[in-house]
>>> print(open('input-v8.cif').read())   # mmCIF, C-alpha atoms and all ligand atoms
data_entry
#
loop_
_atom_site.label_atom_id
_atom_site.label_comp_id
_atom_site.auth_asym_id
_atom_site.auth_seq_id
_atom_site.Cartn_x
_atom_site.Cartn_y
_atom_site.Cartn_z
CA MET A 1 0.83 13.53 -14.57
CA LYS A 2 -2.40 15.26 -15.49
CA GLU A 3 -4.68 14.20 -12.64
CA ASN A 4 -5.55 16.68 -9.88
CA LYS A 5 -3.56 16.45 -6.69
CA VAL A 6 -4.42 17.32 -3.11
CA ASN A 7 -1.71 18.41 -0.69
CA ILE A 8 -2.05 16.65 2.69
CA LEU A 9 0.79 17.82 4.96
CA ASN A 10 3.11 17.98 1.93
CA VAL A 11 2.23 14.53 0.61
CA MET A 12 0.58 14.96 -2.80
CA PHE A 13 -2.45 12.68 -3.16
CA ASN A 14 -4.02 11.85 -6.52
CA SER A 15 -7.66 12.81 -6.63
CA VAL A 16 -8.89 9.49 -8.02
CA ASN A 17 -11.59 7.00 -7.17
CA ARG A 18 -11.20 3.26 -7.18
CA GLU A 19 -12.29 2.81 -10.78
CA ASN A 20 -10.01 5.61 -12.07
CA ILE A 21 -6.92 4.21 -10.39
CA LEU A 22 -7.62 0.64 -11.49
CA ASN A 23 -7.99 1.80 -15.09
CA ILE A 24 -4.79 3.84 -14.90
CA LEU A 25 -2.80 0.97 -13.37
CA THR A 26 -4.16 -1.57 -15.83
CA LYS A 27 -3.19 0.62 -18.77
CA ARG A 28 0.29 1.17 -17.37
CA ILE A 29 0.83 -2.59 -16.94
CA GLU A 30 -0.45 -3.26 -20.42
CA ASP A 31 1.84 -0.53 -21.80
CA ASN A 32 4.79 -2.21 -20.05
CA MET A 33 5.41 0.79 -17.79
CA LYS A 34 6.92 0.81 -14.32
CA THR A 35 4.79 2.26 -11.50
CA PHE A 36 5.37 2.99 -7.81
CA LEU A 37 2.11 3.43 -5.92
CA VAL A 38 1.72 4.40 -2.26
CA THR A 39 -1.53 3.75 -0.41
CA ALA A 40 -1.12 6.32 2.35
CA ASN A 41 -2.93 6.61 5.68
CA PRO A 42 -2.43 9.29 8.38
CA GLU A 43 0.35 7.20 9.93
CA ILE A 44 2.36 7.28 6.71
CA VAL A 45 1.79 11.03 6.27
CA MET A 46 2.82 11.79 9.86
CA GLN A 47 5.86 9.52 9.60
CA ALA A 48 6.92 11.26 6.38
CA ASN A 49 6.68 14.63 8.16
CA GLN A 50 9.12 13.41 10.80
CA ASP A 51 11.50 11.50 8.56
CA HIS A 52 12.95 13.45 5.66
CA GLU A 53 14.31 10.34 3.94
CA TYR A 54 10.90 8.67 4.04
CA MET A 55 9.23 11.83 2.66
CA LYS A 56 11.72 11.89 -0.22
CA ASN A 57 10.99 8.24 -0.95
CA ILE A 58 7.23 8.78 -0.96
CA GLN A 59 7.68 11.74 -3.27
CA GLN A 60 9.22 9.35 -5.80
CA ALA A 61 5.86 7.59 -6.16
CA ASP A 62 3.94 7.93 -9.40
CA TYR A 63 0.65 7.77 -7.49
CA VAL A 64 -0.37 8.32 -3.88
CA ILE A 65 -3.89 7.29 -2.96
CA ALA A 66 -6.00 7.73 0.17
CA ASP A 67 -6.04 4.62 2.35
CA GLY A 68 -7.90 5.55 5.51
CA ILE A 69 -10.86 7.69 6.47
CA GLY A 70 -8.48 10.09 8.26
CA ILE A 71 -7.05 11.23 4.90
CA ILE A 72 -10.55 11.85 3.50
CA ILE A 73 -11.53 13.88 6.58
CA GLY A 74 -8.23 15.78 6.35
CA SER A 75 -8.89 16.66 2.70
CA LYS A 76 -12.36 17.97 3.65
CA ILE A 77 -10.87 20.09 6.44
CA ILE A 78 -8.70 21.95 3.91
CA GLY A 79 -11.64 22.29 1.50
CA ASP A 80 -10.08 20.08 -1.18
CA PRO A 81 -11.97 16.78 -0.74
CA LEU A 82 -10.56 13.57 -2.14
CA PRO A 83 -13.23 11.38 -3.79
CA GLU A 84 -13.05 8.21 -1.70
CA ARG A 85 -11.05 5.99 0.58
CA ILE A 86 -9.36 3.10 -1.25
CA PRO A 87 -8.16 0.55 1.32
CA GLY A 88 -4.84 -0.99 0.29
CA PHE A 89 -6.10 -4.49 0.93
CA GLU A 90 -9.05 -3.98 -1.41
CA LEU A 91 -6.86 -2.51 -4.12
CA MET A 92 -4.62 -5.57 -3.83
CA GLN A 93 -7.64 -7.87 -4.16
CA GLU A 94 -8.85 -5.99 -7.24
CA LEU A 95 -5.39 -6.21 -8.80
CA LEU A 96 -5.17 -9.95 -8.06
CA LYS A 97 -8.57 -10.46 -9.68
CA LYS A 98 -7.65 -8.36 -12.71
CA GLY A 99 -4.31 -10.18 -12.79
CA SER A 100 -6.07 -13.53 -12.94
CA ASP A 101 -8.47 -12.36 -15.67
CA SER A 102 -5.56 -10.95 -17.69
CA HIS A 103 -3.00 -13.71 -16.91
CA TRP A 104 -0.58 -11.31 -15.22
CA SER A 105 2.26 -12.45 -12.97
CA ALA A 106 2.81 -11.44 -9.35
CA TYR A 107 5.66 -11.43 -6.83
CA PHE A 108 4.98 -11.44 -3.08
CA LEU A 109 7.61 -9.92 -0.80
CA GLY A 110 7.10 -9.69 2.96
CA ALA A 111 5.69 -11.14 6.17
CA LYS A 112 6.87 -14.29 7.96
CA GLN A 113 7.78 -17.33 5.86
CA GLU A 114 4.68 -19.35 6.80
CA VAL A 115 2.43 -16.31 6.22
CA VAL A 116 3.75 -15.49 2.76
CA GLU A 117 3.57 -19.18 1.79
CA LYS A 118 -0.06 -19.39 2.89
CA ALA A 119 -0.88 -16.06 1.19
CA VAL A 120 0.57 -17.42 -2.07
CA GLU A 121 -1.31 -20.72 -1.68
CA ASN A 122 -4.63 -18.94 -1.06
CA SER A 123 -4.04 -16.59 -4.00
CA LYS A 124 -3.44 -19.57 -6.30
CA GLN A 125 -6.83 -20.94 -5.30
CA GLN A 126 -8.75 -17.68 -5.45
CA TYR A 127 -7.07 -16.28 -8.56
CA PRO A 128 -6.31 -19.40 -10.64
CA ASN A 129 -4.99 -17.69 -13.77
CA LEU A 130 -2.63 -15.39 -11.94
CA LYS A 131 0.95 -16.54 -12.40
CA ILE A 132 2.94 -16.54 -9.16
CA ALA A 133 6.36 -15.42 -10.36
CA GLY A 134 7.94 -15.83 -6.93
CA PHE A 135 7.87 -14.88 -3.27
CA HIS A 136 10.18 -14.11 -0.36
CA ASN A 137 9.60 -13.52 3.34
CA GLY A 138 10.10 -10.03 4.75
CA PHE A 139 12.94 -10.78 7.13
CA PHE A 140 16.11 -10.53 5.08
CA ASP A 141 19.42 -8.70 5.10
CA TRP A 142 18.91 -5.45 3.18
CA ASP A 143 22.56 -5.21 2.17
CA SER A 144 22.95 -8.74 0.91
CA ASN A 145 20.08 -10.60 -0.74
CA GLN A 146 19.02 -11.85 -4.14
CA ILE A 147 15.53 -10.35 -4.08
CA GLN A 148 16.14 -7.39 -6.38
CA GLU A 149 18.01 -9.62 -8.82
CA GLU A 150 15.17 -12.14 -8.79
CA ILE A 151 12.54 -9.46 -9.47
CA LYS A 152 14.68 -8.02 -12.25
CA GLN A 153 14.94 -11.43 -13.93
CA LEU A 154 11.32 -12.48 -13.43
CA LYS A 155 9.79 -9.14 -14.53
CA PRO A 156 6.51 -9.66 -12.65
CA ASP A 157 3.57 -7.38 -13.46
CA LEU A 158 2.59 -6.93 -9.81
CA ILE A 159 5.05 -6.67 -6.94
CA PHE A 160 3.35 -6.59 -3.54
CA VAL A 161 5.70 -5.45 -0.77
CA ALA A 162 4.33 -6.23 2.71
CA LEU A 163 7.06 -5.01 5.06
CA GLY A 164 5.06 -2.43 7.04
CA LEU A 165 5.93 1.26 7.02
CA PRO A 166 8.38 2.84 6.43
CA ARG A 167 10.29 -0.26 5.27
CA GLN A 168 8.10 -1.12 2.30
CA GLU A 169 8.19 2.31 0.62
CA ASN A 170 11.89 2.66 1.47
CA PHE A 171 12.64 -0.71 -0.09
CA ILE A 172 10.72 0.14 -3.27
CA ALA A 173 12.23 3.63 -3.63
CA LYS A 174 15.77 2.36 -2.98
CA ASN A 175 15.56 -0.29 -5.68
CA LEU A 176 13.16 1.19 -8.19
CA ALA A 177 15.79 2.42 -10.64
CA GLN A 178 16.96 -1.16 -11.29
CA PHE A 179 13.58 -2.32 -12.57
CA ASP A 180 11.97 -1.50 -15.86
CA HIS A 181 8.54 -3.07 -15.55
CA GLY A 182 5.84 -3.76 -12.96
CA LEU A 183 3.56 -2.15 -10.42
CA PHE A 184 5.29 -1.81 -7.03
CA ILE A 185 2.96 -1.31 -4.11
CA GLY A 186 3.42 -1.45 -0.35
CA VAL A 187 0.59 -3.43 1.23
CA GLY A 188 1.35 -3.40 5.00
CA GLY A 189 -0.22 -6.32 6.82
CA SER A 190 -2.21 -7.56 3.80
CA PHE A 191 -0.46 -10.93 3.50
CA ASP A 192 -1.58 -11.72 7.04
CA VAL A 193 -5.18 -11.10 5.94
CA LEU A 194 -4.73 -13.03 2.68
CA ALA A 195 -3.22 -15.92 4.65
CA GLY A 196 -6.15 -15.84 7.08
CA THR A 197 -4.01 -15.21 10.18
CA VAL A 198 -5.58 -11.75 10.68
CA LYS A 199 -9.25 -10.96 9.97
CA ARG A 200 -10.53 -7.70 8.53
CA ALA A 201 -13.34 -5.92 10.38
CA PRO A 202 -16.89 -7.11 9.56
CA ILE A 203 -18.44 -5.28 6.59
CA ILE A 204 -20.72 -3.14 8.76
CA TRP A 205 -17.71 -1.75 10.65
CA GLN A 206 -15.97 -1.06 7.34
CA LYS A 207 -19.06 0.73 5.99
CA LEU A 208 -19.27 2.89 9.10
CA ASN A 209 -15.58 3.80 8.63
CA LEU A 210 -14.79 2.17 11.97
CA GLU A 211 -12.26 -0.39 10.79
CA TRP A 212 -9.57 1.41 12.85
CA LEU A 213 -11.67 0.94 16.03
CA TYR A 214 -12.13 -2.77 15.30
CA ARG A 215 -8.36 -3.19 14.84
CA LEU A 216 -7.76 -1.34 18.09
CA MET A 217 -10.16 -3.63 19.95
CA LYS A 218 -8.55 -6.76 18.48
CA GLN A 219 -5.01 -5.55 19.07
CA PRO A 220 -5.12 -3.12 22.03
CA SER A 221 -1.32 -2.84 21.83
CA ARG A 222 -1.91 -0.62 18.76
CA TRP A 223 -3.30 2.21 20.90
CA ARG A 224 -0.02 4.13 20.85
CA ARG A 225 0.03 4.01 17.04
CA MET A 226 -3.59 5.18 16.96
CA LEU A 227 -2.68 8.42 18.78
CA VAL A 228 -1.39 9.56 15.44
CA LEU A 229 -4.97 10.04 14.18
CA PRO A 230 -6.04 12.94 16.45
CA LEU A 231 -2.59 14.49 16.04
CA PHE A 232 -2.94 14.26 12.27
CA LEU A 233 -6.37 15.93 12.33
CA MET A 234 -5.03 18.73 14.54
CA ARG A 235 -2.19 19.32 12.09
CA MET A 236 -4.69 19.42 9.22
CA LEU A 237 -6.73 22.11 11.01
CA GLN A 238 -3.62 24.33 11.06
CA PHE A 239 -2.29 23.31 7.64
CA LYS A 240 -2.24 25.87 4.84
CA PRO A 241 -1.13 24.20 1.61
CA LYS A 242 0.92 26.47 -0.66
CA GLY A 243 -0.51 27.42 -4.06
N1 LIG B 301 7.21 -7.31 8.32
C1 LIG B 301 8.20 -7.82 7.50
N2 LIG B 301 9.50 -7.49 7.76
C2 LIG B 301 9.86 -6.69 8.81
C3 LIG B 301 8.83 -6.19 9.63
C4 LIG B 301 7.51 -6.51 9.36
O1 LIG B 301 7.91 -8.52 6.54
O2 LIG B 301 11.05 -6.45 8.97
C5 LIG B 301 5.81 -7.66 8.00
C6 LIG B 301 5.00 -8.21 9.14
O3 LIG B 301 5.26 -9.60 9.30
C7 LIG B 301 3.59 -7.94 8.65
C8 LIG B 301 3.74 -6.68 7.80
O4 LIG B 301 5.13 -6.49 7.64
O5 LIG B 301 3.14 -8.98 7.82
C9 LIG B 301 3.10 -5.45 8.39
O6 LIG B 301 3.62 -5.18 9.64
P1 LIG B 301 2.96 -4.14 10.63
O7 LIG B 301 1.71 -4.69 11.20
O8 LIG B 301 4.03 -3.68 11.56
O9 LIG B 301 2.62 -2.91 9.64
P2 LIG B 301 1.27 -2.17 9.20
O10 LIG B 301 0.35 -3.15 8.55
O11 LIG B 301 0.68 -1.60 10.44
O12 LIG B 301 1.80 -1.15 8.25
#
>>> encode(input="input-v8.cif", output="structure tokens")
Amino acid sequence: MKENKVNILNVMFNSVNRENILNILTKRIEDNMKTFLVTANPEIVMQANQDHEYMKNIQQADYVIADGIGIIIGSKIIGDPLPERIPGFELMQELLKKGSDSHWSAYFLGAKQEVVEKAVENSKQQYPNLKIAGFHNGFFDWDSNQIQEEIKQLKPDLIFVALGLPRQENFIAKNLAQFDHGLFIGVGGSFDVLAGTVKRAPIIWQKLNLEWLYRLMKQPSRWRRMLVLPLFLMRMLQFKPKG
């Protein structure tokens, strides 16, 4: 890959903005290429630094992009700023829109059965020319299921994997070699938002980069997970990337 990369605690991020990455992904789909993309936030980076297997799986990705203001701040701390934050949910929306305009097909894997069904139903309405190749809930037996086989047969252009971390990237990395086409992307809790069961922060909070605070207020049980943010920034202050 020719694009510049920025080393954030040994996860290599592509220095791309939203438009760049959309153009790259569109071209790869049109050229019938297979792509594994990770939208990484500080939680993913910290998890990868504790879990060697997860780090190896993330390193298999063709592209890693900055999802979360923490990553942007971290890149500034080391004097190698990434251009902008690209929230995974927004990238998914852009891909669905592009998919509808270009008559692509999509597969939805993850979340509870009623959530994935509703997410598919809403996508059909909002993106009428997108072909829904198939879907499956995210609670299945990893050692015995037909999901990989189904994806292999259907050859969807977009495969959204909403299993949360580290499951989604692990699932993609584990099975990637079997597929020969499609964009595989882990999208966390995005189906819950698409289904309308979880709301994103109001625009003003998003603009002020305070979406994390809004989520914390709505789901106070997340506070433990949020502790990762200050820890991540402290690690970045001490981090000296090689090369
Ligand atoms: N999820 C799933 N299978 C699992 C665990 C979680 O499909 O075994 C789904 C869950 O229903 C939710 C999504 O993964 O829709 C994201 O979960 P979580 O909020 O834990 O992850 P985050 O968005 O914080 O990465």
>>> closest_residue(input="input-v8.cif", among="A:Ile58, A:Met12, A:Ile71, A:Ile44", to="ligand LIG 301 (chain B)", atoms="only C-alpha atoms and all ligand atoms")
A:Ile44
>>> residues_near_ligand(input="input-v8.cif", ligand="ligand LIG 301 (chain B)", cutoff="7 Å", atoms="only C-alpha atoms and all ligand atoms", output="list in words")
Gly110, Ala111, Lys112, Asn137, Gly138, Phe139, Ala162, Leu163, Gly164, Leu165, Gly188, Gly189, Ser190, Phe191 and Asp192 of chain A
>>> write_last_selection(input="input-v8.cif", atoms="C-alpha atoms", output="PDB file, keeping the file's coordinate frame")
ATOM      1  CA  GLY A 110       7.100  -9.690   2.960  1.00  0.00           C
ATOM      2  CA  ALA A 111       5.690 -11.140   6.170  1.00  0.00           C
ATOM      3  CA  LYS A 112       6.870 -14.290   7.960  1.00  0.00           C
ATOM      4  CA  ASN A 137       9.600 -13.520   3.340  1.00  0.00           C
ATOM      5  CA  GLY A 138      10.100 -10.030   4.750  1.00  0.00           C
ATOM      6  CA  PHE A 139      12.940 -10.780   7.130  1.00  0.00           C
ATOM      7  CA  ALA A 162       4.330  -6.230   2.710  1.00  0.00           C
ATOM      8  CA  LEU A 163       7.060  -5.010   5.060  1.00  0.00           C
ATOM      9  CA  GLY A 164       5.060  -2.430   7.040  1.00  0.00           C
ATOM     10  CA  LEU A 165       5.930   1.260   7.020  1.00  0.00           C
ATOM     11  CA  GLY A 188       1.350  -3.400   5.000  1.00  0.00           C
ATOM     12  CA  GLY A 189      -0.220  -6.320   6.820  1.00  0.00           C
ATOM     13  CA  SER A 190      -2.210  -7.560   3.800  1.00  0.00           C
ATOM     14  CA  PHE A 191      -0.460 -10.930   3.500  1.00  0.00           C
ATOM     15  CA  ASP A 192      -1.580 -11.720   7.040  1.00  0.00           C
TER      16      ASP A 192
END
>>> residues_around(input="input-v8.cif", residues="Glu150 (chain A)", least_positions_apart="2", cutoff="12 Å", atoms="all atoms listed in the file", output="mmCIF file with C-alpha atoms, in the frame of the given file")
data_model
loop_
_atom_site.group_PDB
_atom_site.id
_atom_site.type_symbol
_atom_site.label_atom_id
_atom_site.label_comp_id
_atom_site.auth_asym_id
_atom_site.auth_seq_id
_atom_site.Cartn_x
_atom_site.Cartn_y
_atom_site.Cartn_z
ATOM 1 C CA TYR A 107 5.660 -11.430 -6.830
ATOM 2 C CA PHE A 108 4.980 -11.440 -3.080
ATOM 3 C CA LEU A 109 7.610 -9.920 -0.800
ATOM 4 C CA ALA A 133 6.360 -15.420 -10.360
ATOM 5 C CA GLY A 134 7.940 -15.830 -6.930
ATOM 6 C CA PHE A 135 7.870 -14.880 -3.270
ATOM 7 C CA HIS A 136 10.180 -14.110 -0.360
ATOM 8 C CA ASN A 145 20.080 -10.600 -0.740
ATOM 9 C CA GLN A 146 19.020 -11.850 -4.140
ATOM 10 C CA ILE A 147 15.530 -10.350 -4.080
ATOM 11 C CA GLN A 148 16.140 -7.390 -6.380
ATOM 12 C CA LYS A 152 14.680 -8.020 -12.250
ATOM 13 C CA GLN A 153 14.940 -11.430 -13.930
ATOM 14 C CA LEU A 154 11.320 -12.480 -13.430
ATOM 15 C CA LYS A 155 9.790 -9.140 -14.530
ATOM 16 C CA PRO A 156 6.510 -9.660 -12.650
ATOM 17 C CA ILE A 159 5.050 -6.670 -6.940
ATOM 18 C CA GLN A 178 16.960 -1.160 -11.290
ATOM 19 C CA PHE A 179 13.580 -2.320 -12.570
#
>>> closest_atom_pairs(input="input-v8.cif", of="region 38-144 of chain A", to="region 171-177 of chain A", cutoff="8 Å", atoms="only C-alpha atoms", output="CSV")
residue,atom,partner,partner_atom,distance
A:Asn57,CA,A:Ala173,CA,5.5
A:Ile58,CA,A:Ala173,CA,7.7
A:Gln60,CA,A:Ala173,CA,6.8
A:Ala61,CA,A:Ala173,CA,7.9
>>> write_last_selection(input="input-v8.cif", atoms="C-alpha atoms", output="mmCIF file, in the frame of the given file")
data_model
loop_
_atom_site.group_PDB
_atom_site.id
_atom_site.type_symbol
_atom_site.label_atom_id
_atom_site.label_comp_id
_atom_site.auth_asym_id
_atom_site.auth_seq_id
_atom_site.Cartn_x
_atom_site.Cartn_y
_atom_site.Cartn_z
ATOM 1 C CA ASN A 57 10.990 8.240 -0.950
ATOM 2 C CA ILE A 58 7.230 8.780 -0.960
ATOM 3 C CA GLN A 60 9.220 9.350 -5.800
ATOM 4 C CA ALA A 61 5.860 7.590 -6.160
#
>>> closest_residue(input="input-v8.cif", among="A:Ile72, A:Ile185, A:Leu82, A:Met46", to="Ala106 (chain A)", atoms="all atoms listed in the file")
A:Ile185
>>> residues_around(input="input-v8.cif", residues="Pro202 (chain A)", least_positions_apart="5", cutoff="9 Å", atoms="all atoms listed in the file", output="compact mmCIF listing (two decimals) with C-alpha atoms, in the frame of the given file")
# COMPACT_ATOMS: atom_id res chain seq x y z
CA LYS A 207 -19.06 0.73 5.99
CA GLU A 211 -12.26 -0.39 10.79
CA TYR A 214 -12.13 -2.77 15.30
>>> residues_around(input="input-v8.cif", residues="Gly68 (chain A)", least_positions_apart="2", cutoff="10 Å", atoms="all atoms listed in the file", output="PDB file with C-alpha atoms, in the frame of the given file")
ATOM      1  CA  THR A  39      -1.530   3.750  -0.410  1.00  0.00           C
ATOM      2  CA  ALA A  40      -1.120   6.320   2.350  1.00  0.00           C
ATOM      3  CA  ASN A  41      -2.930   6.610   5.680  1.00  0.00           C
ATOM      4  CA  PRO A  42      -2.430   9.290   8.380  1.00  0.00           C
ATOM      5  CA  GLU A  43       0.350   7.200   9.930  1.00  0.00           C
ATOM      6  CA  ILE A  65      -3.890   7.290  -2.960  1.00  0.00           C
ATOM      7  CA  ALA A  66      -6.000   7.730   0.170  1.00  0.00           C
ATOM      8  CA  GLY A  70      -8.480  10.090   8.260  1.00  0.00           C
ATOM      9  CA  ILE A  71      -7.050  11.230   4.900  1.00  0.00           C
ATOM     10  CA  ILE A  72     -10.550  11.850   3.500  1.00  0.00           C
ATOM     11  CA  ILE A  73     -11.530  13.880   6.580  1.00  0.00           C
ATOM     12  CA  GLU A  84     -13.050   8.210  -1.700  1.00  0.00           C
ATOM     13  CA  ARG A  85     -11.050   5.990   0.580  1.00  0.00           C
ATOM     14  CA  ILE A  86      -9.360   3.100  -1.250  1.00  0.00           C
ATOM     15  CA  PRO A  87      -8.160   0.550   1.320  1.00  0.00           C
ATOM     16  CA  GLY A  88      -4.840  -0.990   0.290  1.00  0.00           C
ATOM     17  CA  ASN A 209     -15.580   3.800   8.630  1.00  0.00           C
ATOM     18  CA  GLU A 211     -12.260  -0.390  10.790  1.00  0.00           C
ATOM     19  CA  TRP A 212      -9.570   1.410  12.850  1.00  0.00           C
TER      20      TRP A 212
END
